[in-house]
Structures are given as C-alpha cells and as structure tokens.
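**Student:** My structure is stored as input.cif, with mmCIF, C-alpha atoms.
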```cif
data_my_file
loop_
_atom_site.label_atom_id
_atom_site.label_comp_id
_atom_site.auth_asym_id
_atom_site.auth_seq_id
_atom_site.Cartn_x
_atom_site.Cartn_y
_atom_site.Cartn_z
CA MET K 178 6.66 22.91 46.06
CA SER K 179 9.69 25.07 45.39
CA ASN K 180 12.20 24.55 42.63
CA ALA K 181 15.79 25.42 43.38
CA VAL K 182 16.59 25.55 39.68
CA THR K 183 15.20 28.22 37.39
CA TYR K 184 15.45 28.15 33.62
CA ASN K 185 15.29 30.65 30.82
CA GLU K 186 13.17 29.51 27.89
CA GLN K 187 16.11 28.16 25.87
CA GLU K 188 17.46 26.15 28.81
CA LEU K 189 14.02 24.84 29.59
CA VAL K 190 13.52 23.56 26.05
CA LEU K 191 16.94 21.90 26.03
CA SER K 192 16.29 20.19 29.40
CA LEU K 193 12.88 19.03 28.26
CA LYS K 194 14.37 17.58 25.08
CA ALA K 195 16.95 15.81 27.30
CA LYS K 196 13.97 14.30 29.19
CA ASP K 197 15.02 15.80 32.51
CA PRO K 198 12.12 15.17 34.94
CA GLN K 199 13.01 18.25 36.98
CA SER K 200 12.51 20.51 33.96
CA PHE K 201 9.09 18.95 33.40
CA SER K 202 8.14 19.69 36.99
CA TYR K 203 9.32 23.28 36.48
CA LEU K 204 7.35 23.52 33.25
CA TYR K 205 4.22 22.39 35.06
CA ASP K 206 4.71 24.79 37.96
CA ASN K 207 5.18 27.75 35.64
CA TYR K 208 2.80 27.07 32.75
CA SER K 209 -0.07 24.88 34.07
CA GLY K 210 -2.19 27.87 35.14
CA ALA K 211 -1.91 29.67 31.80
CA LEU K 212 -2.53 26.48 29.82
CA TYR K 213 -5.46 25.47 32.08
CA THR K 214 -7.04 28.83 31.22
CA ILE K 215 -6.56 28.14 27.50
CA VAL K 216 -8.30 24.76 27.90
CA LEU K 217 -11.11 26.25 30.00
CA GLN K 218 -11.85 28.86 27.32
CA VAL K 219 -12.71 26.01 24.94
CA LEU K 220 -14.06 23.52 27.49
CA PRO K 221 -15.55 25.20 30.59
CA ASP K 222 -16.08 21.94 32.51
CA ARG K 223 -13.28 21.97 35.13
CA GLU K 224 -13.10 18.20 35.55
CA LEU K 225 -12.89 17.52 31.82
CA ALA K 226 -10.50 20.44 31.42
CA SER K 227 -8.23 18.78 34.00
CA ASP K 228 -8.31 15.56 31.95
CA VAL K 229 -7.41 17.55 28.84
CA LEU K 230 -4.63 19.40 30.71
CA GLN K 231 -3.12 16.02 31.55
CA GLU K 232 -3.17 15.08 27.86
CA VAL K 233 -1.62 18.45 27.05
CA PHE K 234 1.36 17.92 29.35
CA VAL K 235 1.82 14.31 28.28
CA ASN K 236 1.87 15.48 24.65
CA ILE K 237 4.32 18.29 25.40
CA TRP K 238 6.63 15.85 27.21
CA ARG K 239 6.54 13.27 24.44
CA LYS K 240 6.57 15.67 21.49
CA ILE K 241 8.98 18.34 22.67
CA GLU K 242 11.37 17.15 19.90
CA SER K 243 9.02 18.55 17.28
CA TYR K 244 9.03 22.02 18.85
CA ASP K 245 11.03 24.40 16.61
CA ALA K 246 12.14 27.59 18.38
CA ALA K 247 12.69 29.27 15.01
CA LYS K 248 8.95 29.19 14.36
CA GLY K 249 7.78 30.69 17.61
CA ARG K 250 7.89 30.87 21.37
CA LEU K 251 7.52 27.75 23.51
CA PHE K 252 4.31 29.08 25.03
CA THR K 253 2.77 29.69 21.57
CA TRP K 254 3.47 26.08 20.65
CA MET K 255 2.02 24.78 23.94
CA LEU K 256 -1.00 27.10 23.61
CA ASN K 257 -1.86 25.54 20.27
CA VAL K 258 -1.34 21.99 21.62
CA ALA K 259 -3.71 22.83 24.50
CA ARG K 260 -6.35 24.49 22.32
CA ASN K 261 -6.34 21.66 19.76
CA LEU K 262 -6.67 18.94 22.41
CA ALA K 263 -9.52 20.86 24.08
CA ILE K 264 -11.30 21.22 20.73
CA ASP K 265 -10.77 17.49 20.09
CA MET K 266 -12.45 16.74 23.43
CA VAL K 267 -15.40 19.06 22.69
CA ARG K 268 -15.80 17.41 19.28
CA SER K 269 -15.47 13.85 20.63
CA LYS K 270 -18.52 11.62 20.55
CA ALA K 271 -18.28 11.01 24.30
CA TYR K 272 -18.41 14.73 25.06
CA GLN K 273 -21.20 15.42 22.57
CA ASN K 274 -23.25 12.59 24.07
CA SER K 275 -22.69 13.80 27.63
CA GLN K 276 -23.85 17.27 26.59
CA LYS K 277 -26.97 15.84 24.96
CA ASN K 278 -27.72 13.85 28.11
CA GLN K 279 -27.49 17.03 30.13
CA GLY K 280 -29.84 18.74 27.74
CA MET K 281 -27.32 21.46 26.91
CA PRO K 282 -28.36 23.60 23.96
CA GLU K 283 -26.26 23.46 20.82
CA GLY K 284 -23.34 25.87 21.12
CA GLY K 285 -24.02 26.44 24.80
CA PHE K 286 -20.60 25.42 26.02
CA PHE K 287 -19.54 28.97 26.78
CA ASP K 288 -22.59 30.07 28.69
CA LYS K 289 -21.87 28.39 32.00
CA GLY K 290 -21.74 31.57 34.07
CA GLY K 291 -23.39 32.16 37.40
CA ASN K 292 -21.70 29.31 39.25
CA THR K 293 -19.80 30.72 42.21
CA THR K 294 -17.16 27.96 42.25
CA GLN K 295 -16.41 28.44 38.55
CA PRO K 296 -15.20 31.76 37.20
CA ASN K 297 -17.19 33.06 34.27
CA ILE K 298 -15.04 31.87 31.40
CA ASP K 299 -16.33 34.69 29.22
CA ASN K 300 -14.44 37.15 31.40
CA ILE K 301 -10.96 35.64 31.31
CA GLY K 302 -8.08 35.90 28.89
CA LEU K 303 -8.57 36.10 25.18
CA LYS K 304 -12.23 35.36 25.59
CA LYS K 305 -12.73 38.66 27.38
CA ILE K 306 -11.06 40.55 24.55
CA VAL K 307 -12.97 38.65 21.88
CA ASN K 308 -16.20 39.62 23.62
CA THR K 309 -15.41 43.31 23.08
CA LEU K 310 -15.45 42.78 19.30
CA LYS K 311 -18.41 43.53 17.02
CA THR K 312 -20.84 40.59 16.82
CA GLU K 313 -19.99 39.79 13.20
CA HIS K 314 -16.32 39.54 14.18
CA ARG K 315 -16.85 37.82 17.52
CA VAL K 316 -18.93 34.99 16.02
CA LEU K 317 -16.28 34.21 13.42
CA ILE K 318 -13.39 34.26 15.91
CA ASP K 319 -15.40 32.02 18.23
CA LEU K 320 -15.96 29.48 15.43
CA ALA K 321 -12.39 29.65 14.10
CA TYR K 322 -10.36 29.93 17.27
CA PHE K 323 -12.41 28.41 20.11
CA LYS K 324 -14.25 25.78 18.09
CA GLY K 325 -11.59 24.97 15.52
CA TYR K 326 -13.62 25.29 12.32
CA THR K 327 -11.82 25.92 9.02
CA HIS K 328 -12.60 29.04 7.04
CA GLU K 329 -14.46 26.90 4.51
CA GLU K 330 -16.61 25.32 7.24
CA ILE K 331 -17.40 28.76 8.68
CA ALA K 332 -18.37 30.09 5.24
CA GLU K 333 -20.85 27.24 4.95
CA LEU K 334 -22.14 27.54 8.55
CA GLU K 335 -22.67 31.31 8.32
CA SER K 336 -23.72 31.35 4.65
CA LEU K 337 -20.99 33.86 3.84
CA PRO K 338 -18.60 34.03 0.88
CA LEU K 339 -15.21 32.53 1.76
CA GLY K 340 -13.52 35.88 0.97
CA THR K 341 -15.74 37.68 3.48
CA VAL K 342 -14.94 35.13 6.18
CA LYS K 343 -11.20 35.59 5.62
CA THR K 344 -11.45 39.39 5.59
CA ARG K 345 -13.55 39.54 8.75
CA ILE K 346 -11.28 37.17 10.65
CA ARG K 347 -8.20 39.13 9.62
CA SER K 348 -9.78 42.38 10.67
CA ALA K 349 -10.88 40.90 14.00
CA LEU K 350 -7.36 39.63 14.60
CA ILE K 351 -5.92 43.09 13.95
CA GLN K 352 -8.20 44.43 16.67
CA LEU K 353 -7.06 41.68 19.03
CA ARG K 354 -3.47 42.77 18.55
CA ALA K 355 -4.40 46.28 19.51
CA TYR K 356 -5.91 45.00 22.79
CA LEU K 357 -2.89 42.85 23.57
CA LYS K 358 -0.40 45.72 23.32
CA MET Y 539 6.38 44.12 -1.25
CA ASN Y 540 5.21 46.59 1.31
CA ILE Y 541 6.13 44.82 4.56
CA GLN Y 542 4.27 47.26 6.81
CA GLU Y 543 1.06 46.54 4.94
CA TYR Y 544 1.70 42.81 5.22
CA ILE Y 545 2.34 43.08 8.97
CA SER Y 546 -0.89 44.97 9.56
CA SER Y 547 -2.97 42.60 7.38
CA GLY Y 548 -3.70 40.25 10.30
CA ILE Y 549 -1.42 37.51 8.98
CA VAL Y 550 0.81 37.68 12.09
CA GLU Y 551 -2.07 36.92 14.47
CA SER Y 552 -3.55 34.41 12.10
CA TYR Y 553 -0.22 32.54 11.90
CA VAL Y 554 0.52 32.62 15.63
CA LEU Y 555 -2.97 31.49 16.60
CA GLY Y 556 -2.84 28.64 14.10
CA LEU Y 557 -5.63 30.02 11.91
CA ALA Y 558 -3.60 30.53 8.73
CA SER Y 559 -3.88 28.15 5.79
CA LYS Y 560 -0.94 25.95 4.80
CA GLU Y 561 0.12 28.25 1.95
CA ASP Y 562 -0.15 31.37 4.13
CA GLN Y 563 1.95 29.64 6.83
CA LEU Y 564 4.70 28.76 4.36
CA ALA Y 565 4.71 32.26 2.83
CA PHE Y 566 4.82 33.83 6.31
CA GLU Y 567 7.79 31.70 7.36
CA GLN Y 568 9.65 32.70 4.20
CA HIS Y 569 8.95 36.40 4.76
CA CYS Y 570 10.10 36.03 8.37
CA SER Y 571 13.50 34.83 7.23
CA VAL Y 572 13.81 37.99 5.15
CA TYR Y 573 12.16 40.81 7.16
CA ALA Y 574 13.30 41.56 10.72
CA GLU Y 575 10.23 43.83 11.21
CA LEU Y 576 7.97 40.85 10.59
CA ARG Y 577 9.86 38.69 13.07
CA MET Y 578 9.59 41.47 15.66
CA ALA Y 579 5.88 41.93 15.07
CA LYS Y 580 5.35 38.19 15.52
CA GLU Y 581 7.47 38.13 18.69
CA ALA Y 582 5.53 41.11 20.07
CA PHE Y 583 2.16 39.45 19.44
CA GLU Y 584 3.36 36.16 20.97
CA GLN Y 585 4.62 37.98 24.07
CA GLY Y 586 1.34 39.89 24.35
CA LEU Y 587 -0.58 36.62 24.10
CA GLU Y 588 1.63 34.95 26.70
CA LYS Y 589 1.44 37.85 29.15
CA GLN Y 590 -2.30 37.97 28.71
CA ALA Y 591 -2.59 34.22 29.45
CA PHE Y 592 -0.34 34.48 32.53
CA ASP Y 593 -2.23 37.50 33.85
CA ASN Y 594 -5.45 35.49 33.67
CA ALA Y 595 -4.04 32.13 34.76
CA ILE Y 596 -6.38 29.83 36.72
CA SER Y 597 -4.57 27.26 38.84
CA PRO Y 598 -5.56 23.67 38.09
CA PRO Y 599 -6.46 21.37 41.03
CA LEU Y 600 -3.42 20.75 43.27
CA ALA Y 601 -3.57 16.96 43.03
CA LEU Y 602 -3.30 17.15 39.24
CA LYS Y 603 0.45 17.75 39.22
CA GLU Y 604 1.37 14.37 40.74
CA LYS Y 605 -1.04 12.64 38.37
CA ILE Y 606 0.37 14.37 35.31
CA LEU Y 607 4.00 13.81 36.29
CA ALA Y 608 3.24 10.13 36.82
CA ALA Y 609 1.34 9.87 33.51
CA ALA Y 610 4.03 11.61 31.46
CA ILE Y 611 7.24 10.31 32.97
CA HIS Y 612 6.11 6.82 33.93
CA PRO Y 613 3.38 6.00 31.41
CA ALA Y 614 1.43 2.83 32.15
CA SER Y 615 1.59 1.75 28.52
CA ASP Y 616 4.09 2.58 25.82
CA THR Y 617 1.56 3.68 23.23
CA PRO Y 618 3.27 6.27 21.04
CA ALA Y 619 1.75 9.73 21.11
CA PRO Y 620 0.48 11.12 17.79
CA ASP Y 621 2.98 12.81 15.54
CA LEU Y 622 3.41 16.53 15.86
CA LYS Y 623 5.92 17.61 13.22
CA THR Y 624 5.25 21.29 12.86
CA MET Y 625 3.49 23.92 14.88
CA PRO Y 626 -0.02 22.53 15.20
CA SER Y 627 -2.80 24.16 13.29
CA PRO Y 628 -6.43 23.49 14.21
CA HIS Y 629 -6.77 21.48 11.02
CA THR Y 630 -4.17 18.90 12.00
CA ARG Y 631 -5.79 17.23 14.95
CA LEU Y 632 -3.84 15.61 17.72
CA ILE Y 633 -5.67 12.41 18.24
CA SER Y 634 -5.14 11.50 21.82
CA PRO Y 635 -6.99 8.71 23.55
CA VAL Y 636 -9.60 10.12 25.88
CA ARG Y 637 -9.51 8.14 29.06
CA THR Y 638 -13.27 8.23 29.62
CA ILE Y 639 -13.99 6.57 26.26
CA ASN Y 640 -11.61 3.69 26.95
CA PHE Y 641 -13.07 3.29 30.41
CA ALA Y 642 -16.61 3.26 29.02
CA LYS Y 643 -15.63 0.59 26.48
CA LEU Y 644 -13.95 -1.45 29.17
CA LEU Y 645 -16.99 -1.12 31.38
CA ALA Y 646 -19.30 -2.16 28.55
CA ALA Y 647 -17.14 -5.20 27.76
CA ALA Y 648 -17.02 -6.18 31.43
CA SER Y 649 -20.77 -5.87 31.84
CA ILE Y 650 -21.41 -7.99 28.73
CA ILE Y 651 -19.14 -10.71 30.13
CA LEU Y 652 -20.87 -10.50 33.50
CA LEU Y 653 -24.29 -10.68 31.86
CA ALA Y 654 -23.30 -13.73 29.80
CA GLY Y 655 -21.88 -15.41 32.90
CA SER Y 656 -24.95 -14.67 34.94
CA THR Y 657 -27.23 -15.95 32.16
CA LEU Y 658 -25.31 -19.24 32.04
CA LEU Y 659 -25.53 -19.54 35.83
CA ASN Y 660 -29.26 -18.88 35.64
CA PHE Y 661 -29.68 -21.73 33.19
CA TYR Y 662 -27.54 -23.98 35.36
CA PHE Y 663 -29.46 -23.18 38.54
CA TYR Y 664 -32.80 -23.47 36.78
CA TYR Y 665 -31.82 -26.94 35.53
CA GLN Y 666 -30.65 -27.90 39.04
CA TYR Y 667 -33.91 -26.62 40.50
CA LYS Y 668 -36.01 -28.52 37.95
CA SER Y 669 -34.26 -31.85 38.58
CA SER Y 670 -34.46 -31.33 42.35
CA ALA Y 671 -38.17 -30.60 42.10
CA THR Y 672 -38.72 -33.76 40.03
CA ARG Y 673 -36.77 -35.86 42.51
CA LEU Y 674 -38.75 -34.35 45.38
CA ASP Y 675 -42.04 -35.22 43.63
CA GLU Y 676 -40.86 -38.79 43.16
CA LEU Y 677 -39.84 -39.05 46.80
CA ILE Y 678 -43.17 -37.65 47.99
CA ALA Y 679 -45.04 -40.16 45.80
CA SER Y 680 -42.97 -43.09 47.01
CA ASN Y 681 -43.37 -41.95 50.61
CA GLN Y 682 -47.14 -41.81 50.19
CA GLN Y 683 -47.07 -45.29 48.66
CA LEU Y 684 -45.12 -46.58 51.66
CA ALA Y 685 -47.46 -44.89 54.11
CA SER Y 686 -50.55 -46.36 52.48
CA ASN Y 687 -48.91 -49.79 52.31
CA ASN Y 688 -48.10 -49.42 55.94
CA SER Y 689 -51.65 -48.56 56.94
CA VAL Y 690 -52.95 -51.54 54.96
CA MET Y 691 -50.48 -53.81 56.69
CA GLU Y 692 -51.35 -52.34 60.06
CA ALA Y 693 -55.07 -52.86 59.50
CA ARG Y 694 -54.47 -56.42 58.41
CA LEU Y 695 -52.26 -57.03 61.44
CA GLN Y 696 -54.89 -55.62 63.80
CA GLN Y 697 -57.54 -57.79 62.17
CA ASP Y 698 -55.31 -60.85 62.49
CA GLU Y 699 -54.57 -60.09 66.11
CA LYS Y 700 -58.28 -59.73 66.83
CA ASP Y 701 -59.02 -62.96 64.98
CA PHE Y 702 -56.25 -64.69 66.87
CA GLN Y 703 -57.56 -63.50 70.26
CA MET Y 704 -61.05 -64.66 69.32
CA MET Y 705 -59.82 -68.09 68.32
CA GLY Y 706 -58.00 -68.36 71.63
CA ASN Y 707 -61.16 -67.46 73.57
CA PRO Y 708 -62.09 -70.56 75.72
CA ASN Y 709 -65.82 -69.89 75.17
CA MET Y 710 -65.43 -70.24 71.44
CA ALA Y 711 -66.87 -73.35 69.79
CA VAL Y 712 -65.07 -74.25 66.59
CA VAL Y 713 -67.17 -75.93 63.89
CA ALA Y 714 -65.25 -77.26 60.89
CA MET Y 715 -67.56 -77.40 57.90
CA LYS Y 716 -66.47 -79.97 55.34
CA GLY Y 717 -67.05 -79.89 51.63
CA GLN Y 718 -70.11 -81.74 50.41
CA PRO Y 719 -70.26 -83.79 47.17
CA VAL Y 720 -70.93 -80.69 45.01
CA ALA Y 721 -67.63 -79.08 46.19
CA PRO Y 722 -65.55 -81.69 48.00
CA GLN Y 723 -62.42 -79.45 48.25
CA SER Y 724 -64.32 -76.71 50.11
CA LEU Y 725 -63.75 -75.95 53.74
CA THR Y 726 -65.09 -73.29 56.08
CA THR Y 727 -64.98 -72.81 59.86
CA VAL Y 728 -67.57 -71.25 62.15
CA TYR Y 729 -66.51 -69.77 65.48
CA TRP Y 730 -69.47 -69.51 67.79
CA ASP Y 731 -69.10 -67.65 71.06
CA LYS Y 732 -71.26 -69.62 73.48
CA GLN Y 733 -71.54 -66.67 75.87
CA SER Y 734 -72.29 -63.77 73.49
CA LYS Y 735 -73.83 -66.10 70.87
CA ASP Y 736 -71.88 -64.21 68.17
CA VAL Y 737 -71.05 -66.15 65.03
CA TYR Y 738 -67.84 -65.65 62.97
CA LEU Y 739 -67.12 -67.37 59.71
CA LEU Y 740 -63.69 -68.18 58.29
CA VAL Y 741 -63.69 -69.16 54.65
CA ASN Y 742 -60.77 -71.51 54.09
CA SER Y 743 -61.83 -72.44 50.57
CA LEU Y 744 -65.01 -72.04 48.52
CA PRO Y 745 -65.62 -71.97 44.73
CA ARG Y 746 -66.30 -68.54 43.22
CA ALA Y 747 -69.91 -67.47 43.72
CA GLY Y 748 -70.44 -66.36 40.12
CA ALA Y 749 -72.52 -63.43 38.86
CA GLY Y 750 -75.88 -62.82 40.60
CA LYS Y 751 -75.13 -65.46 43.25
CA GLN Y 752 -74.19 -65.17 46.93
CA TYR Y 753 -73.29 -67.72 49.61
CA GLN Y 754 -75.64 -67.84 52.60
CA LEU Y 755 -74.88 -69.32 56.05
CA TRP Y 756 -77.61 -71.28 57.81
CA ALA Y 757 -77.85 -72.40 61.43
CA ILE Y 758 -79.65 -75.72 61.85
CA VAL Y 759 -81.85 -75.25 64.91
CA ASP Y 760 -83.86 -78.33 65.96
CA GLY Y 761 -83.70 -79.65 62.36
CA LYS Y 762 -84.80 -76.35 60.78
CA PRO Y 763 -82.53 -73.95 58.87
CA VAL Y 764 -82.34 -70.39 60.26
CA ASP Y 765 -80.71 -67.56 58.20
CA ALA Y 766 -77.30 -66.68 59.74
CA GLY Y 767 -76.26 -64.01 57.20
CA LEU Y 768 -74.85 -63.50 53.70
CA LEU Y 769 -71.19 -63.58 52.66
CA GLY Y 770 -69.75 -60.61 50.82
CA SER Y 771 -68.09 -61.07 47.48
CA ASP Y 772 -64.64 -60.87 49.09
CA VAL Y 773 -64.57 -63.70 51.66
CA SER Y 774 -60.87 -64.36 51.88
CA ASN Y 775 -60.11 -61.72 54.49
CA GLY Y 776 -60.08 -63.49 57.85
CA LEU Y 777 -63.03 -63.83 60.16
CA VAL Y 778 -66.34 -62.32 59.07
CA LYS Y 779 -68.93 -61.56 61.72
CA MET Y 780 -72.29 -63.13 60.92
CA LYS Y 781 -75.72 -62.91 62.63
CA ASN Y 782 -76.14 -63.66 66.32
CA ILE Y 783 -77.46 -67.22 66.75
CA GLN Y 784 -78.89 -68.21 70.19
CA LYS Y 785 -78.99 -71.91 69.63
CA ALA Y 786 -77.84 -74.35 66.90
CA GLN Y 787 -76.83 -77.95 66.38
CA ALA Y 788 -75.11 -77.50 63.00
CA PHE Y 789 -74.14 -74.92 60.34
CA ALA Y 790 -74.39 -75.18 56.56
CA ILE Y 791 -73.71 -72.95 53.52
CA THR Y 792 -75.74 -72.91 50.30
CA LEU Y 793 -75.44 -70.85 47.10
CA GLU Y 794 -78.44 -68.48 46.74
CA VAL Y 795 -79.45 -65.67 44.41
CA SER Y 796 -77.93 -62.28 45.44
CA GLY Y 797 -79.71 -60.86 48.49
CA GLY Y 798 -80.28 -64.31 50.01
CA SER Y 799 -83.32 -66.61 50.39
CA LYS Y 800 -85.79 -67.32 53.19
CA THR Y 801 -85.27 -71.06 52.91
CA PRO Y 802 -82.13 -72.76 51.61
CA THR Y 803 -81.97 -74.40 48.23
CA VAL Y 804 -79.95 -77.50 47.50
CA PRO Y 805 -77.17 -78.43 47.15
CA ILE Y 806 -75.38 -77.75 50.41
CA TYR Y 807 -71.74 -76.74 49.75
CA VAL Y 808 -70.28 -77.22 53.23
CA MET Y 809 -71.69 -78.45 56.55
CA GLY Y 810 -70.48 -79.15 60.08
CA GLN Y 811 -71.99 -80.37 63.35
CA ILE Y 812 -71.31 -78.63 66.64
#
```
What does this structure look like when you write it as structure tokens?
**Tutor:**
Amino acid sequence: MSNAVTYNEQELVLSLKAKDPQSFSYLYDNYSGALYTIVLQVLPDRELASDVLQEVFVNIWRKIESYDAAKGRLFTWMLNVARNLAIDMVRSKAYQNSQKNQGMPEGGFFDKGGNTTQPNIDNIGLKKIVNTLKTEHRVLIDLAYFKGYTHEEIAELESLPLGTVKTRIRSALIQLRAYLK
Amino acid sequence: MNIQEYISSGIVESYVLGLASKEDQLAFEQHCSVYAELRMAKEAFEQGLEKQAFDNAISPPLALKEKILAAAIHPASDTPAPDLKTMPSPHTRLISPVRTINFAKLLAAASIILLAGSTLLNFYFYYQYKSSATRLDELIASNQQLASNNSVMEARLQQDEKDFQMMGNPNMAVVAMKGQPVAPQSLTTVYWDKQSKDVYLLVNSLPRAGAGKQYQLWAIVDGKPVDAGLLGSDVSNGLVKMKNIQKAQAFAITLEVSGGSKTPTVPIYVMGQI
C-alpha cells in the first residue's frame, strides 16, 4: 500500500490529533515495524505480540492528545506506550498461566532462540546492546527496562542496597548511550 | 550546577527510557528548560534510540494493519481508553483490556449456561423416560391379562362346542336325574353314548359335597349298582367324562367318603331311569 501523502513529525502529530484516518494509516506503515520489535523484546511470542501491537496503536490513536512534543519525540512516547503494554501482558494472569501450562521456566521469556521462523530476540535492537553489558549491569537493565520493575523491587529481588541499584543502572545506561552513537 | 556532569550521569537515558523516578523526571524537565546542552543530549539519545529501532525493525503480519485500523478507527464498543496524561513511565501502567481474557470469561460463562441447560434437559428426559417405562409396564401387564382371559374364554368355548356336538349326537341317550327327598332341588343329566358306551355327566345343581366327602355316580345294572366314577370338587364346568358303562337301566348319585366306596350308601341324591 502506498501513501501519496508524506508527513514530517510535527504534521503527523497534528493530523493524528485531528483524527485524520489517513495519518493513522501512515503512522502504521512507518512505525509498526519498529514498535513491533519493541514489543517482541519484552514478549517474544509473535501472536501475542501482534495482539499487544494492536492495543499499542489503539492507545496511540485514542491518547494522542496527551502526547506533549516539548517532552520528547513522538517515537519515544510510542516506544514507552508499547513497552508498558507488553510488560502489562507479560504480567497479566492469563499470560502467566499460559506460561505455566507450557512448563516455561521462571524468567525464561527471552530464551526462545533456535526457532527458524522466529528471529532470536536477543540479537535485535536494544536487547543486542544490553547483552554486551557486564552481567551485573545486564541483569538490572533487564529487570528495569524489559520487565518493568521499580528500583525498589529490584533492590529486593537482587538483595542489593537501593543506592547500588540506582548507580549500576545509571552506569549501564551511560554505556548504552555510547553504543547508540 | 555542572551541567556536563549532570548530562553524563545517566539521567538522560533514564528519563527517556521511562526509568527515572517522579522527582528525577520533574527536575530533568526543569533543567531542560534552562540548559540547551541538556535538551540536545536528550534529542541525540532519542534519535539514536529511534534509528536503532528502525534499523532492527521486524514487520508485523500483513493482515494486522486492516485489523488495527478497524479496531482503532471504528471501535466495536465505546469503552474509553485508560488515561495517559504524561509520558508513560513503567510505574504508571496502562490498563488495557486483553482480548483473550474477555474471550475466556465469555467462553466460561457460555459453557456454564450450556451445562445448566443440558442438566435441566437431562432431568426432563429422564422424567419422560421414567413415565414412559411405567406406562409400558402397565400396558404389558394389561395385555397379558387380556391374553390369559382370552385363552380361558377360548378353552371354555371349545369345551362348550364339544359338549354341544355331543348333545346333538343321535346315538346319545339323555338321562335326567331328578332330586330325591334328601335334596329335592338337585338335578343332574347323564349322556350315554350307546355306540361307544361312554358316559358324560352334567351337574345342573347339587348341594356342596362338604369336607372329606365326594359324590359318586352309580350305574344300575340288572338291579345292582356298578361304580361309574367320582366327581371332582369342581363340578360346575360342563360335561365331565365318567367311566365307560356297557349296560345300564338307571343312574344314581350318592355322597361317599373321599376316594369313593365299593357299594353305595344311602341316601340317594339324584336318580334317573334310561
């Protein structure tokens, strides 16, 4: 499907806020791949990730009013919508139960490699960069960013002082920036 | 404050990725309004993140687009989406209904209704079956009753037909035996086939024999009584075949002890001449 109209980011946001269906179609064509990857990093099941992606776009469409360009780029806002919805799905009772039924080990959501039809999620996007970090950093980023735990929850889970958790996450994030440049 | 130190503290990444605490977020936004370097550092990290995500993009299934456009632009229900006031942090959850949960609930509700309905039907059919079975039993019993009545009637009819044929036989001598003084109302009839010499007795009326007693038929041959057989306790059923008597001038019946006697005792109950 080709779109005759192209938008810059500011125009796109304005059209979305005006509830122009064509802008939504454009948004999907241009951002669905990147956002699908974000969801897959948290939730490697493609079918469930597709369900979550639908929720992501429905939320973007309905909540575009609350997007504030002064606070950040449109993609950053959508990235966080996508990640939060994916984490909600992973934490939902239905998902937890389905994982138990499949006999998946605790915390095994990211180890679904080896399937030829599914790319190894560990080797795409931010996940790939996170995997180059030292173990003590990688574990904390995984818990904070991909699993959505608060710093307090991580301190308890890892039996670390809260200050140490904050310091390690900060230092891991600084390394991430270096990789993204 | 040393802004370079602040920029390289990790706060930029932490804020952009939604990992900063509420206070840190507010402080960061304030600093952004003051320091252009901070805004640029944030913009640079956001662009790096975006480029990185686009470079690694995985296309979702093709059919998903139509589904999502339909779901967003023409929602089936007008349920309001959860509020999203500021840039979402992982600690403010967007609670969105997960389709699979609703479907599972719906399915569970439907199956409970189906189960209840099927249970009621089971009771209904079981009750129907029970009452049908009872009615069938009754019908079978009444049919058996009719069949046995029928066979009794048939046997009686055959007996009557036989009796009737015998009475119509031209060789048959009919001897009416009248009640004697001891039982004046009594009446019996002997049918004696003069060819076969068979003797049949019809009891029209006789007093009850009483316990230990039995009526005995005698043929009077040249003035002497000859035993012609004993009557059963039930004598009201048509002709009863007695002993074969070659020759007789009269017949008489006396009341004897059960099993009969060799010679008759008095009184004679009924008697008739040929």
**Student:** Mind checking which residues fall within 6 Å of Gln718 (chain Y), counting all atoms listed in the file, ignoring those fewer than 4 positions away in the same chain, and posting them as a CSV table (one decimal) with C-alpha atoms, in the coordinates of the input?
**Tutor:**
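Below is the file that was written, out31.csv:
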```csv
chain,number,residue,atom,x,y,z
Y,722,PRO,CA,-65.6,-81.7,48.0
Y,807,TYR,CA,-71.7,-76.7,49.8
Y,808,VAL,CA,-70.3,-77.2,53.2
```
**Student:** To verify the selection step, state as a PyMOL selection string which residues the PyMOL selection byres ((chain Y and resi 701) around 12) yields on this input.
**Tutor:** chain Y and resi 694-700+702-707+710+729+738-740+775-779
**Student:** What would the selection look like, as a list in words, if the PyMOL selection byres ((chain Y) within 6 of (chain K)) were run on the coordinates I just shared?
**Tutor:**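 Applied to this file, the PyMOL selection byres ((chain Y) within 6 of (chain K)) selects Gly548, Glu551, Gly586, Ala591, Phe592, Asn594, Ala595, Ile596, Ser597, Ile606, Ala610, Lys623 and Pro628 of chain Y.
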**Student:** Could you tell me how far CA of Ala558 (chain Y) lies from CA of Gln273 (chain K), in Å and to one decimal?
**Tutor:**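 Interatomic distance here is 27.0 Å.
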**Student:** Suppose you want the space between CA of Lys580 (chain Y) and CA of Asp593 (chain Y); what is it in Å?
**Tutor:**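 Taking CA of Lys580 (chain Y) and CA of Asp593 (chain Y), their separation equals 19.8 Å.
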**Student:** For the provided coordinates, the residues matched by the PyMOL selection byres ((chain Y and resi 787) around 6) should be stated as JSON, numbers by chain.
**Tutor:** {"Y": [758, 759, 786, 788, 812]}
**Student:** Quick check, in Å to one decimal: how far apart do CA of Leu769 (chain Y) and CA of Val737 (chain Y) lie?
**Tutor:**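 Interatomic distance here is 12.6 Å.
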**Student:** Closest to Gly798 (chain Y) among Y:Gln784, Y:Ser771, Y:Ser546, Y:Gln752, using all atoms listed in the file?
**Tutor:**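 For Gly798 (chain Y), the nearest of the given residues is Y:Gln752.
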**Student:** In terms of the shortest atom-to-atom distance over only C-alpha atoms, which of Y:Pro805, Y:Pro745, Y:Pro598, Y:Pro708 is closest to Thr726 (chain Y)?
**Tutor:**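 With only C-alpha atoms as the atom set, the closest residue is Y:Pro745.
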**Student:** At most 12 Å from (-71.3, -70.4, 56.0), file frame, all atoms listed in the file: which residues, as a ChimeraX atom specification?
**Tutor:** /Y:713-717,724-730,737-744,752-758,764-770,773,777-781,788-794,802,806-810
